[in-house]
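work-v2.csv follows; it contains CSV, C-alpha atoms.
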```csv
chain,number,residue,atom,x,y,z
V,1,MET,CA,-20.7,6.1,1.4
V,2,LEU,CA,-17.2,5.0,2.6
V,3,PHE,CA,-15.8,4.8,6.1
V,4,ILE,CA,-12.7,3.7,7.9
V,5,LYS,CA,-12.5,1.2,10.6
V,6,LYS,CA,-10.2,-1.7,11.7
V,7,SER,CA,-9.4,-4.0,8.8
V,8,ARG,CA,-10.4,-7.6,8.8
V,9,ILE,CA,-6.8,-8.3,7.7
V,10,LYS,CA,-4.7,-9.2,10.8
V,11,GLY,CA,-2.0,-6.6,11.3
V,12,ALA,CA,-3.1,-4.3,8.5
V,13,GLY,CA,-4.4,-1.5,10.8
V,14,ASP,CA,-7.4,0.4,9.4
V,15,GLY,CA,-9.3,-0.5,6.3
V,16,LEU,CA,-11.8,1.1,3.9
V,17,PHE,CA,-15.4,0.0,4.1
V,18,THR,CA,-18.7,0.8,2.3
V,19,THR,CA,-22.1,1.4,3.8
V,20,SER,CA,-23.9,0.8,0.5
V,21,ARG,CA,-23.9,-1.8,-2.3
V,22,ILE,CA,-21.4,-1.2,-5.1
V,23,ARG,CA,-21.9,-2.7,-8.6
V,24,LYS,CA,-19.1,-4.3,-10.6
V,25,GLY,CA,-17.4,-1.6,-12.7
V,26,ASP,CA,-18.4,1.3,-10.4
V,27,ILE,CA,-15.8,3.9,-9.5
V,28,ILE,CA,-15.4,3.6,-5.7
V,29,VAL,CA,-12.9,6.4,-4.9
V,30,GLU,CA,-10.1,8.5,-6.4
V,31,TYR,CA,-6.6,7.8,-5.0
V,32,LYS,CA,-5.8,11.3,-3.8
V,33,GLY,CA,-2.6,12.8,-2.4
V,34,GLU,CA,0.2,15.1,-3.3
V,35,LYS,CA,1.1,15.0,-7.0
V,36,MET,CA,4.7,14.9,-7.9
V,37,SER,CA,7.3,13.2,-10.1
V,38,TRP,CA,8.8,9.8,-9.3
V,39,ALA,CA,12.2,11.5,-8.8
V,40,LYS,CA,10.7,13.9,-6.2
V,41,CYS,CA,9.0,10.9,-4.5
V,42,MET,CA,12.3,9.0,-4.3
V,43,LYS,CA,14.1,12.1,-3.0
V,44,ARG,CA,11.4,12.5,-0.3
V,45,TYR,CA,11.9,8.9,0.9
V,46,ASN,CA,15.7,8.9,0.5
V,47,ASN,CA,15.4,6.2,-2.3
V,48,ASP,CA,13.9,3.8,0.3
V,49,ILE,CA,10.9,2.4,-1.5
V,50,THR,CA,9.7,0.5,1.6
V,51,ALA,CA,9.2,3.9,3.3
V,52,ALA,CA,7.0,5.0,0.4
V,53,ARG,CA,4.1,2.7,0.9
V,54,TYR,CA,1.4,5.1,-0.3
V,55,LEU,CA,2.8,6.0,-3.7
V,56,PHE,CA,0.8,5.5,-6.9
V,57,HIS,CA,3.0,5.6,-10.0
V,58,ILE,CA,1.2,6.6,-13.1
V,59,THR,CA,4.2,7.8,-15.1
V,60,ASP,CA,7.6,9.0,-14.1
V,61,ALA,CA,6.3,12.6,-14.3
V,62,ASN,CA,2.9,11.8,-12.6
V,63,CYS,CA,2.8,10.1,-9.2
V,64,VAL,CA,0.5,10.5,-6.3
V,65,ASP,CA,1.8,10.3,-2.7
V,66,ALA,CA,-1.0,9.7,-0.2
V,67,GLN,CA,1.3,9.2,2.8
V,68,PHE,CA,0.5,12.6,4.3
V,69,THR,CA,-3.1,12.8,3.0
V,70,MET,CA,-4.9,11.1,6.0
V,71,ASP,CA,-8.4,12.2,4.9
V,72,ALA,CA,-8.0,10.4,1.5
V,73,TYR,CA,-10.0,7.3,1.7
V,74,ALA,CA,-8.3,5.2,-1.1
V,75,GLY,CA,-5.1,5.0,0.9
V,76,TYR,CA,-7.0,2.8,3.5
V,77,ALA,CA,-7.9,0.1,1.0
V,78,ASN,CA,-5.9,-3.0,1.8
V,79,ASP,CA,-4.7,-5.9,-0.4
V,80,ALA,CA,-6.1,-9.4,0.3
V,81,LYS,CA,-3.2,-10.9,-1.7
V,82,GLY,CA,-0.6,-9.8,0.9
V,83,PRO,CA,1.7,-12.3,2.5
V,84,GLY,CA,0.0,-14.7,4.9
V,85,ILE,CA,-3.6,-13.8,3.8
V,86,THR,CA,-5.6,-16.7,2.6
V,87,ARG,CA,-9.3,-16.3,3.5
V,88,LEU,CA,-10.1,-13.0,1.8
V,89,LYS,CA,-10.3,-12.0,-1.9
V,90,ASN,CA,-9.8,-8.7,-3.6
V,91,ASN,CA,-13.1,-7.1,-4.8
V,92,SER,CA,-11.6,-4.1,-6.6
V,93,GLU,CA,-8.7,-2.9,-8.8
V,94,TYR,CA,-6.8,0.2,-9.6
V,95,ALA,CA,-7.5,2.1,-12.9
V,96,VAL,CA,-6.0,5.3,-14.3
V,97,ILE,CA,-8.7,7.5,-15.9
V,98,LYS,CA,-7.6,10.8,-17.5
V,99,SER,CA,-4.2,10.6,-15.7
V,100,LYS,CA,-5.8,10.1,-12.2
V,101,PRO,CA,-5.8,6.9,-10.2
V,102,PHE,CA,-9.1,5.3,-9.0
V,103,ILE,CA,-10.3,2.2,-7.3
V,104,ILE,CA,-12.9,0.4,-9.3
V,105,ALA,CA,-15.1,-2.5,-8.2
V,106,SER,CA,-14.1,-5.7,-10.0
V,107,THR,CA,-17.0,-7.7,-8.4
V,108,PRO,CA,-20.2,-6.6,-6.8
V,109,ILE,CA,-19.5,-5.5,-3.2
V,110,GLY,CA,-22.1,-5.7,-0.5
V,111,ALA,CA,-22.9,-3.0,2.1
V,112,GLY,CA,-20.7,-3.3,5.1
V,113,SER,CA,-17.9,-4.9,3.1
V,114,GLU,CA,-14.2,-4.0,3.2
V,115,ILE,CA,-12.8,-2.6,-0.1
V,116,LEU,CA,-9.9,-4.9,-1.0
V,117,VAL,CA,-7.7,-3.9,-3.9
V,118,ASP,CA,-4.9,-5.7,-5.7
V,119,TYR,CA,-1.6,-3.8,-5.1
V,120,SER,CA,0.0,-5.9,-7.9
V,121,GLY,CA,2.7,-8.5,-7.6
V,122,ASP,CA,5.4,-5.8,-8.1
V,123,TYR,CA,4.4,-4.1,-4.9
V,124,TRP,CA,4.7,-7.2,-2.7
V,125,GLU,CA,7.8,-8.4,-4.5
V,126,VAL,CA,9.6,-5.1,-3.9
V,127,MET,CA,8.4,-4.7,-0.3
V,128,LEU,CA,9.3,-8.2,0.7
V,129,ALA,CA,12.7,-8.0,-1.0
V,130,GLU,CA,13.5,-4.8,0.8
V,131,GLU,CA,12.3,-6.0,4.1
V,132,LYS,CA,14.4,-9.2,3.7
V,133,GLU,CA,17.5,-7.1,2.8
V,134,LYS,CA,17.0,-4.9,5.9
V,135,GLU,CA,16.6,-8.0,8.0
V,136,GLN,CA,19.8,-9.5,6.6
V,137,LYS,CA,21.8,-6.3,7.2
V,138,GLY,CA,20.5,-6.3,10.8
V,139,LYS,CA,21.7,-9.9,11.3
V,140,LYS,CA,25.1,-9.0,9.9
V,141,SER,CA,25.5,-6.0,12.2
V,142,THR,CA,24.3,-8.1,15.2
V,143,LYS,CA,26.9,-10.8,14.3
V,144,ALA,CA,29.6,-8.0,14.0
V,145,THR,CA,28.5,-6.7,17.4
V,146,ASN,CA,28.6,-10.1,18.9
V,147,LYS,CA,32.1,-10.8,17.5
V,148,SER,CA,33.4,-7.5,18.9
V,149,THR,CA,31.8,-8.2,22.2
V,150,LYS,CA,33.4,-11.6,22.3
V,151,THR,CA,36.9,-10.2,21.5
V,152,THR,CA,36.7,-7.5,24.2
V,153,LYS,CA,35.8,-9.9,27.0
```

Produce structure tokens that represent the structure in this file.
Amino acid sequence: MLFIKKSRIKGAGDGLFTTSRIRKGDIIVEYKGEKMSWAKCMKRYNNDITAARYLFHITDANCVDAQFTMDAYAGYANDAKGPGITRLKNNSEYAVIKSKPFIIASTPIGAGSEILVDYSGDYWEVMLAEEKEKEQKGKKSTKATNKSTKTTK
């Protein structure tokens, strides 16, 4: 049985946990959400990939958006390979079975453990690059504001 509570990962919010032991290779949970195309997903999020944090891309025609499916457990699984995390290790991975995404145990998982799944390097690479770009844009607009403030004094 799965349940949601505060993650052991600092700043991650809620996490996905298990009450029972899970064997390596067991299917833990299906990644559920609204099914749509990649184009529709990008339109929904105004082409801002950082706003689309709960998308699972299977093919360009088959994506799952769990952003608004709060009762879908898989969306609560966090990644122990995220920036600044060193003491935890992922214990599961994503797999696509018959065109549906699932979380599968990659190691045995003990009762009471948090389900931690590898989001893939691409996820973090994109998210961190987008965040850095937004930060730099913010600094540029702050500098422009400071310059205009200085000239109006």

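For the pair CA of Ala129 (chain V) and CA of Lys10 (chain V), the separation is 21.1 Å.
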
Name the closest residue to Ser113 (chain V) among the candidates V:Leu88, V:Ala12, V:Ala66, V:Ile49; distances are taken between atoms, counting all atoms listed in the file.
->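 Nearest to Ser113 (chain V): V:Leu88.
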
Could you give me, as an NGL selection string, the residues within 12 Å of Arg21 (chain V), counting all atoms listed in the file and dropping anything in the same chain fewer than 6 positions from it?
-> :V and (1-2 or 28 or 105 or 107-115)

Mind giving me the straight-line distance from CA of Cys63 (chain V) to CA of Thr50 (chain V) in Å, one decimal?
->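 Atom-to-atom, CA of Cys63 (chain V) and CA of Thr50 (chain V) are spaced 16.0 Å apart.
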
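Between Pro101 (chain V) and the residues V:Lys89, V:Lys40, V:Lys35, V:Lys81, the shortest atom-to-atom distance, using all atoms listed in the file, involves V:Lys35.
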
Mind checking which residues fall within 9 Å of Ile27 (chain V), counting all atoms listed in the file, ignoring those fewer than 2 positions away in the same chain, and posting them as a ChimeraX atom specification?
-> /V:22,24-25,29-30,102-105

Suppose you want the space between CA of Asn90 (chain V) and CA of Ser120 (chain V); what is it in Å?
->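 Here the two named atoms are 11.1 Å from each other.
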
For Asn91 (chain V), which residue out of V:Lys5, V:Phe56, V:Asp65, V:Phe17 is the nearest one, using only C-alpha atoms?
-> V:Phe17

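Closest approach to Asp118 (chain V) from the set V:Ser99, V:Ser106, V:Ser92, V:Thr19 is made by V:Ser92, with distances taken over all atoms listed in the file.
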
Nearest to Leu55 (chain V), chosen from V:Lys98, V:Lys32, V:Arg23, V:Arg8, with all atoms listed in the file counted in the distances =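 Using all atoms listed in the file, Leu55 (chain V) sits closest to V:Lys32.
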
Find the residue from V:Ala51, V:Leu116, V:Ala61, V:Met36 that sits nearest to Gly82 (chain V); use only C-alpha atoms when measuring.
->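 Looking at the shortest contact to Gly82 (chain V), the residue is V:Leu116.
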
Write out as a list in words the residues lying within 9 Å of Ser7 (chain V), counting only C-alpha atoms and excluding same-chain residues fewer than 6 positions away.
->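 Selected residues are Gly13, Asp14, Gly15, Leu16, Phe17, Tyr76, Ala77, Asn78 and Glu114 of chain V.
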
Suppose we keep C-alpha atoms; can you now write the selection as a PDB file, in the frame of the given file?
```
ATOM      1  CA  GLY V  13      -4.400  -1.500  10.800  1.00  0.00           C
ATOM      2  CA  ASP V  14      -7.400   0.400   9.400  1.00  0.00           C
ATOM      3  CA  GLY V  15      -9.300  -0.500   6.300  1.00  0.00           C
ATOM      4  CA  LEU V  16     -11.800   1.100   3.900  1.00  0.00           C
ATOM      5  CA  PHE V  17     -15.400   0.000   4.100  1.00  0.00           C
ATOM      6  CA  TYR V  76      -7.000   2.800   3.500  1.00  0.00           C
ATOM      7  CA  ALA V  77      -7.900   0.100   1.000  1.00  0.00           C
ATOM      8  CA  ASN V  78      -5.900  -3.000   1.800  1.00  0.00           C
ATOM      9  CA  GLU V 114     -14.200  -4.000   3.200  1.00  0.00           C
TER      10      GLU V 114
END
```
